[in-house]
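Source file: structure-v4.pdb (PDB, C-alpha atoms, pLDDT in the B column)
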MODEL        1
ATOM      1  CA  MET A   1    -127.888 -83.539-164.201  1.00 54.00           C
ATOM      2  CA  LYS A   2    -125.148 -81.253-165.031  1.00 58.00           C
ATOM      3  CA  ALA A   3    -125.723 -77.513-164.650  1.00 60.00           C
ATOM      4  CA  GLY A   4    -125.410 -75.792-168.021  1.00 61.00           C
ATOM      5  CA  HIS A   5    -123.408 -72.683-168.615  1.00 66.00           C
ATOM      6  CA  GLN A   6    -125.695 -69.736-169.353  1.00 69.00           C
ATOM      7  CA  GLY A   7    -124.696 -67.605-172.340  1.00 73.00           C
ATOM      8  CA  GLY A   8    -125.188 -63.846-172.525  1.00 78.00           C
ATOM      9  CA  PHE A   9    -123.477 -60.511-172.260  1.00 80.00           C
ATOM     10  CA  SER A  10    -121.720 -59.249-169.210  1.00 89.00           C
ATOM     11  CA  LEU A  11    -122.528 -55.839-167.747  1.00 90.00           C
ATOM     12  CA  LEU A  12    -119.208 -54.505-169.027  1.00 91.00           C
ATOM     13  CA  GLU A  13    -120.011 -55.532-172.612  1.00 91.00           C
ATOM     14  CA  VAL A  14    -123.435 -53.873-172.440  1.00 92.00           C
ATOM     15  CA  ILE A  15    -121.936 -50.624-171.114  1.00 94.00           C
ATOM     16  CA  ALA A  16    -119.282 -50.657-173.867  1.00 94.00           C
ATOM     17  CA  ALA A  17    -121.974 -51.158-176.546  1.00 94.00           C
ATOM     18  CA  ILE A  18    -124.087 -48.302-175.159  1.00 96.00           C
ATOM     19  CA  MET A  19    -121.017 -46.004-175.090  1.00 96.00           C
ATOM     20  CA  LEU A  20    -120.247 -46.880-178.703  1.00 96.00           C
ATOM     21  CA  LEU A  21    -123.836 -46.091-179.720  1.00 96.00           C
ATOM     22  CA  ALA A  22    -123.733 -42.784-177.806  1.00 96.00           C
ATOM     23  CA  ILE A  23    -120.525 -41.710-179.566  1.00 95.00           C
ATOM     24  CA  ALA A  24    -121.941 -42.646-182.992  1.00 95.00           C
ATOM     25  CA  PHE A  25    -125.205 -40.814-182.217  1.00 95.00           C
ATOM     26  CA  ALA A  26    -123.325 -37.671-181.126  1.00 95.00           C
ATOM     27  CA  ALA A  27    -121.293 -37.692-184.361  1.00 94.00           C
ATOM     28  CA  LEU A  28    -124.466 -38.085-186.434  1.00 94.00           C
ATOM     29  CA  MET A  29    -126.138 -35.183-184.604  1.00 94.00           C
ATOM     30  CA  LYS A  30    -123.118 -32.982-185.295  1.00 94.00           C
ATOM     31  CA  VAL A  31    -123.317 -33.830-189.015  1.00 93.00           C
ATOM     32  CA  ALA A  32    -127.080 -33.192-189.035  1.00 93.00           C
ATOM     33  CA  GLY A  33    -126.582 -29.805-187.336  1.00 91.00           C
ATOM     34  CA  ALA A  34    -123.943 -28.807-189.888  1.00 92.00           C
ATOM     35  CA  SER A  35    -126.274 -29.886-192.690  1.00 93.00           C
ATOM     36  CA  ILE A  36    -129.086 -27.717-191.317  1.00 94.00           C
ATOM     37  CA  SER A  37    -126.695 -24.764-191.026  1.00 91.00           C
ATOM     38  CA  LEU A  38    -125.496 -25.207-194.621  1.00 93.00           C
ATOM     39  CA  SER A  39    -129.090 -25.458-195.848  1.00 94.00           C
ATOM     40  CA  GLN A  40    -129.999 -22.225-194.049  1.00 92.00           C
ATOM     41  CA  ASN A  41    -126.918 -20.501-195.491  1.00 92.00           C
ATOM     42  CA  ALA A  42    -127.850 -21.640-199.009  1.00 94.00           C
ATOM     43  CA  ALA A  43    -131.430 -20.418-198.535  1.00 94.00           C
ATOM     44  CA  GLU A  44    -130.203 -16.984-197.393  1.00 94.00           C
ATOM     45  CA  HIS A  45    -127.866 -16.666-200.391  1.00 94.00           C
ATOM     46  CA  SER A  46    -130.653 -17.805-202.708  1.00 96.00           C
ATOM     47  CA  GLU A  47    -133.001 -15.165-201.305  1.00 95.00           C
ATOM     48  CA  ALA A  48    -130.286 -12.501-201.664  1.00 95.00           C
ATOM     49  CA  ALA A  49    -129.762 -13.542-205.301  1.00 95.00           C
ATOM     50  CA  MET A  50    -133.509 -13.347-205.962  1.00 96.00           C
ATOM     51  CA  TYR A  51    -133.678  -9.817-204.506  1.00 95.00           C
ATOM     52  CA  ALA A  52    -130.564  -8.783-206.463  1.00 95.00           C
ATOM     53  CA  ARG A  53    -131.930 -10.060-209.751  1.00 95.00           C
ATOM     54  CA  SER A  54    -135.185  -8.227-209.149  1.00 94.00           C
ATOM     55  CA  LEU A  55    -133.405  -4.951-208.385  1.00 93.00           C
ATOM     56  CA  LEU A  56    -130.915  -5.208-211.259  1.00 92.00           C
ATOM     57  CA  ASP A  57    -133.670  -6.131-213.738  1.00 90.00           C
ATOM     58  CA  SER A  58    -135.801  -3.144-212.758  1.00 89.00           C
ATOM     59  CA  ALA A  59    -133.014  -0.576-212.197  1.00 87.00           C
ATOM     60  CA  PHE A  60    -133.276   2.419-214.531  1.00 86.00           C
ATOM     61  CA  VAL A  61    -136.167   0.960-216.542  1.00 84.00           C
ATOM     62  CA  GLY A  62    -138.221   4.152-216.373  1.00 82.00           C
ATOM     63  CA  ALA A  63    -135.361   6.571-215.774  1.00 84.00           C
ATOM     64  CA  PRO A  64    -132.027   7.257-217.442  1.00 86.00           C
ATOM     65  CA  VAL A  65    -128.949   5.473-216.128  1.00 87.00           C
ATOM     66  CA  LYS A  66    -126.777   7.811-214.087  1.00 86.00           C
ATOM     67  CA  SER A  67    -123.576   7.362-212.153  1.00 89.00           C
ATOM     68  CA  GLY A  68    -123.646   7.393-208.382  1.00 93.00           C
ATOM     69  CA  SER A  69    -124.534   5.421-205.285  1.00 95.00           C
ATOM     70  CA  SER A  70    -127.847   4.479-203.765  1.00 94.00           C
ATOM     71  CA  SER A  71    -129.026   2.162-201.030  1.00 95.00           C
ATOM     72  CA  GLY A  72    -132.189   0.831-199.488  1.00 95.00           C
ATOM     73  CA  ARG A  73    -133.937  -2.142-197.911  1.00 94.00           C
ATOM     74  CA  PHE A  74    -135.746  -5.079-199.463  1.00 94.00           C
ATOM     75  CA  ASP A  75    -137.354  -6.069-196.168  1.00 92.00           C
ATOM     76  CA  LYS A  76    -136.429  -5.986-192.472  1.00 92.00           C
ATOM     77  CA  HIS A  77    -133.595  -8.512-192.995  1.00 93.00           C
ATOM     78  CA  TYR A  78    -132.068  -7.647-196.376  1.00 95.00           C
ATOM     79  CA  ARG A  79    -130.584  -4.317-197.430  1.00 95.00           C
ATOM     80  CA  TRP A  80    -128.724  -3.219-200.558  1.00 96.00           C
ATOM     81  CA  GLN A  81    -126.085  -0.792-201.817  1.00 96.00           C
ATOM     82  CA  LEU A  82    -125.820   0.016-205.535  1.00 96.00           C
ATOM     83  CA  GLU A  83    -122.849   1.732-207.188  1.00 95.00           C
ATOM     84  CA  VAL A  84    -123.198   2.818-210.836  1.00 93.00           C
ATOM     85  CA  THR A  85    -120.099   3.812-212.811  1.00 91.00           C
ATOM     86  CA  PRO A  86    -119.445   4.372-216.525  1.00 87.00           C
ATOM     87  CA  TRP A  87    -117.697   1.372-218.056  1.00 82.00           C
ATOM     88  CA  ASN A  88    -115.503   1.127-221.104  1.00 73.00           C
ATOM     89  CA  GLU A  89    -112.937  -1.610-221.525  1.00 69.00           C
ATOM     90  CA  ALA A  90    -110.809   0.648-223.737  1.00 65.00           C
ATOM     91  CA  GLY A  91    -110.928   3.611-221.345  1.00 61.00           C
ATOM     92  CA  ILE A  92    -113.136   6.702-221.139  1.00 62.00           C
ATOM     93  CA  ALA A  93    -115.930   6.772-223.707  1.00 58.00           C
ATOM     94  CA  ALA A  94    -116.219   9.752-226.025  1.00 64.00           C
ATOM     95  CA  PRO A  95    -118.830  12.273-224.776  1.00 65.00           C
ATOM     96  CA  ASP A  96    -120.689  12.159-228.098  1.00 71.00           C
ATOM     97  CA  ALA A  97    -120.896   8.327-228.216  1.00 72.00           C
ATOM     98  CA  PRO A  98    -124.444   7.219-229.138  1.00 80.00           C
ATOM     99  CA  LEU A  99    -124.496   4.453-226.525  1.00 83.00           C
ATOM    100  CA  ARG A 100    -122.729   4.055-223.206  1.00 84.00           C
ATOM    101  CA  LEU A 101    -122.125   1.116-220.927  1.00 87.00           C
ATOM    102  CA  TYR A 102    -122.546   1.446-217.183  1.00 90.00           C
ATOM    103  CA  GLN A 103    -121.349  -1.025-214.597  1.00 92.00           C
ATOM    104  CA  LEU A 104    -123.806  -1.752-211.795  1.00 94.00           C
ATOM    105  CA  ASP A 105    -122.247  -3.172-208.619  1.00 96.00           C
ATOM    106  CA  LEU A 106    -124.819  -4.380-206.114  1.00 96.00           C
ATOM    107  CA  ASN A 107    -124.091  -5.557-202.581  1.00 96.00           C
ATOM    108  CA  VAL A 108    -126.907  -7.332-200.768  1.00 96.00           C
ATOM    109  CA  LEU A 109    -126.356  -7.419-196.996  1.00 96.00           C
ATOM    110  CA  TRP A 110    -128.185  -9.244-194.223  1.00 95.00           C
ATOM    111  CA  GLY A 111    -127.625 -10.246-190.645  1.00 90.00           C
ATOM    112  CA  PRO A 112    -126.311  -8.142-187.760  1.00 89.00           C
ATOM    113  CA  SER A 113    -124.760  -4.760-188.542  1.00 85.00           C
ATOM    114  CA  SER A 114    -121.596  -5.668-186.672  1.00 90.00           C
ATOM    115  CA  HIS A 115    -120.889  -8.724-188.862  1.00 90.00           C
ATOM    116  CA  PRO A 116    -123.183  -8.568-191.891  1.00 91.00           C
ATOM    117  CA  ARG A 117    -123.258 -11.344-194.439  1.00 93.00           C
ATOM    118  CA  SER A 118    -123.144 -10.202-198.024  1.00 94.00           C
ATOM    119  CA  ALA A 119    -123.389 -11.221-201.647  1.00 95.00           C
ATOM    120  CA  HIS A 120    -121.975  -9.137-204.507  1.00 97.00           C
ATOM    121  CA  PHE A 121    -123.513  -8.897-207.973  1.00 96.00           C
ATOM    122  CA  ARG A 122    -122.190  -7.061-211.029  1.00 95.00           C
ATOM    123  CA  THR A 123    -123.737  -6.398-214.428  1.00 93.00           C
ATOM    124  CA  LEU A 124    -123.507  -3.959-217.319  1.00 91.00           C
ATOM    125  CA  ARG A 125    -126.344  -1.742-218.530  1.00 90.00           C
ATOM    126  CA  LEU A 126    -126.453  -0.119-221.963  1.00 87.00           C
ATOM    127  CA  ALA A 127    -127.870   3.403-222.117  1.00 85.00           C
ATOM    128  CA  GLY A 128    -128.397   5.995-224.794  1.00 76.00           C
ATOM    129  CA  PRO A 129    -127.037   9.534-224.535  1.00 65.00           C
ATOM    130  CA  ALA A 130    -128.776  11.870-222.123  1.00 57.00           C
ATOM    131  CA  THR A 131    -130.594  14.910-223.526  1.00 48.00           C
ATOM    132  CA  ASN A 132    -130.644  18.367-221.939  1.00 43.00           C
ATOM    133  CA  ASN A 133    -133.732  17.621-219.838  1.00 44.00           C
ATOM    134  CA  GLY A 134    -132.127  14.486-218.379  1.00 45.00           C
ATOM    135  CA  ALA A 135    -134.210  11.967-220.294  1.00 45.00           C
ATOM    136  CA  GLN A 136    -132.641   9.513-222.696  1.00 44.00           C
ATOM    137  CA  ALA A 137    -132.889  10.320-226.356  1.00 44.00           C
ATOM    138  CA  SER A 138    -134.801   7.845-228.450  1.00 43.00           C
ATOM    139  CA  ARG A 139    -133.626   6.851-231.900  1.00 39.00           C
TER     140      ARG A 139
ENDMDL
END
Go ahead and render the structure in this file as structure tokens.
Amino acid sequence: MKAGHQGGFSLLEVIAAIMLLAIAFAALMKVAGASISLSQNAAEHSEAAMYARSLLDSAFVGAPVKSGSSSGRFDKHYRWQLEVTPWNEAGIAAPDAPLRLYQLDLNVLWGPSSHPRSAHFRTLRLAGPATNNGAQASR
């Protein structure tokens, strides 16, 4: 009887296949890590936007709008800085104008103080004229 030739893979072919799988696996892990990082970044920006909306919606609800700066913290990770300035596309509003627009610029910051991450939000707020005691006049 004639001895048959055994088929199969050589050791070199097996090593090459394992190396190819290792390279593909490393590339997939790098993509997965970047995906996790992007998801975390999106979650942080989403949380900053939620805090900003809350602050801008409630700003000056019970008090008259006034120009100036203020700052504070939402929690131990997120802090904010608010700048309020009179706004008029045509220039300075007349002092006796019945209504005034104010621009609210809000920066939400998080992360380390040395390199904070931030998101900027801007809106306009309409306010009536202020009376002598500082409260808004009602009409």
Rounded to one decimal in Å, what is the spacing between CA of Ser69 in chain A and CA of Val84 in chain A?
6.3 Å
Point-to-point distance in Å for CA of Pro86 in chain A and CA of Leu124 in chain A:
9.3 Å
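Across the structure, CA of Tyr78 in chain A and CA of Val61 in chain A are spaced 22.3 Å apart.
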Selection result of the PyMOL selection byres ((chain A and resi 101-118) around 9) on this file, as an NGL selection string
:A and (44-45 or 48-49 or 51-52 or 55-56 or 65-67 or 77-88 or 93 or 99-100 or 119-128)
Set up a box along x, y and z of the file covering all listed atoms of range 16-20 of chain A, add 6 Å on every one of the six sides, and write the centre and edge lengths in Å to one decimal, as JSON.
{"center_x": -121.7, "center_y": -48.6, "center_z": -176.3, "size_x": 16.8, "size_y": 17.2, "size_z": 16.8}
Where atoms are lacking, range 43-60 of chain A completed to N, CA and C atoms, as an mmCIF file, in the coordinates of the input:
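Output saved as out35.cif:
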data_model
loop_
_atom_site.group_PDB
_atom_site.id
_atom_site.type_symbol
_atom_site.label_atom_id
_atom_site.label_comp_id
_atom_site.auth_asym_id
_atom_site.auth_seq_id
_atom_site.Cartn_x
_atom_site.Cartn_y
_atom_site.Cartn_z
ATOM 1 N N ALA A 43 -130.138 -21.092 -198.377
ATOM 2 C CA ALA A 43 -131.430 -20.418 -198.535
ATOM 3 C C ALA A 43 -131.277 -18.903 -198.443
ATOM 4 N N GLU A 44 -130.434 -18.424 -197.516
ATOM 5 C CA GLU A 44 -130.203 -16.984 -197.393
ATOM 6 C C GLU A 44 -129.531 -16.422 -198.639
ATOM 7 N N HIS A 45 -128.539 -17.124 -199.169
ATOM 8 C CA HIS A 45 -127.866 -16.666 -200.391
ATOM 9 C C HIS A 45 -128.824 -16.712 -201.588
ATOM 10 N N SER A 46 -129.674 -17.706 -201.628
ATOM 11 C CA SER A 46 -130.653 -17.805 -202.708
ATOM 12 C C SER A 46 -131.639 -16.641 -202.653
ATOM 13 N N GLU A 47 -132.085 -16.298 -201.457
ATOM 14 C CA GLU A 47 -133.001 -15.165 -201.305
ATOM 15 C C GLU A 47 -132.312 -13.852 -201.678
ATOM 16 N N ALA A 48 -131.048 -13.696 -201.299
ATOM 17 C CA ALA A 48 -130.286 -12.501 -201.664
ATOM 18 C C ALA A 48 -130.150 -12.407 -203.184
ATOM 19 N N ALA A 49 -129.886 -13.534 -203.839
ATOM 20 C CA ALA A 49 -129.762 -13.542 -205.301
ATOM 21 C C ALA A 49 -131.088 -13.193 -205.969
ATOM 22 N N MET A 50 -132.190 -13.663 -205.410
ATOM 23 C CA MET A 50 -133.509 -13.347 -205.962
ATOM 24 C C MET A 50 -133.790 -11.841 -205.841
ATOM 25 N N TYR A 51 -133.496 -11.255 -204.684
ATOM 26 C CA TYR A 51 -133.678 -9.817 -204.506
ATOM 27 C C TYR A 51 -132.769 -9.033 -205.457
ATOM 28 N N ALA A 52 -131.517 -9.478 -205.593
ATOM 29 C CA ALA A 52 -130.564 -8.783 -206.463
ATOM 30 C C ALA A 52 -131.025 -8.819 -207.913
ATOM 31 N N ARG A 53 -131.463 -9.958 -208.363
ATOM 32 C CA ARG A 53 -131.930 -10.060 -209.751
ATOM 33 C C ARG A 53 -133.116 -9.134 -209.982
ATOM 34 N N SER A 54 -134.024 -9.103 -209.032
ATOM 35 C CA SER A 54 -135.185 -8.227 -209.149
ATOM 36 C C SER A 54 -134.769 -6.764 -209.248
ATOM 37 N N LEU A 55 -133.853 -6.345 -208.384
ATOM 38 C CA LEU A 55 -133.405 -4.951 -208.385
ATOM 39 C C LEU A 55 -132.638 -4.613 -209.660
ATOM 40 N N LEU A 56 -131.717 -5.488 -210.063
ATOM 41 C CA LEU A 56 -130.915 -5.208 -211.259
ATOM 42 C C LEU A 56 -131.766 -5.235 -212.535
ATOM 43 N N ASP A 57 -132.789 -6.087 -212.568
ATOM 44 C CA ASP A 57 -133.670 -6.131 -213.738
ATOM 45 C C ASP A 57 -134.528 -4.874 -213.853
ATOM 46 N N SER A 58 -134.897 -4.299 -212.726
ATOM 47 C CA SER A 58 -135.801 -3.144 -212.758
ATOM 48 C C SER A 58 -135.069 -1.803 -212.628
ATOM 49 N N ALA A 59 -133.759 -1.829 -212.364
ATOM 50 C CA ALA A 59 -133.014 -0.576 -212.197
ATOM 51 C C ALA A 59 -132.988 0.211 -213.493
ATOM 52 N N PHE A 60 -133.333 1.475 -213.422
ATOM 53 C CA PHE A 60 -133.276 2.419 -214.531
ATOM 54 C C PHE A 60 -134.174 2.037 -215.705
#
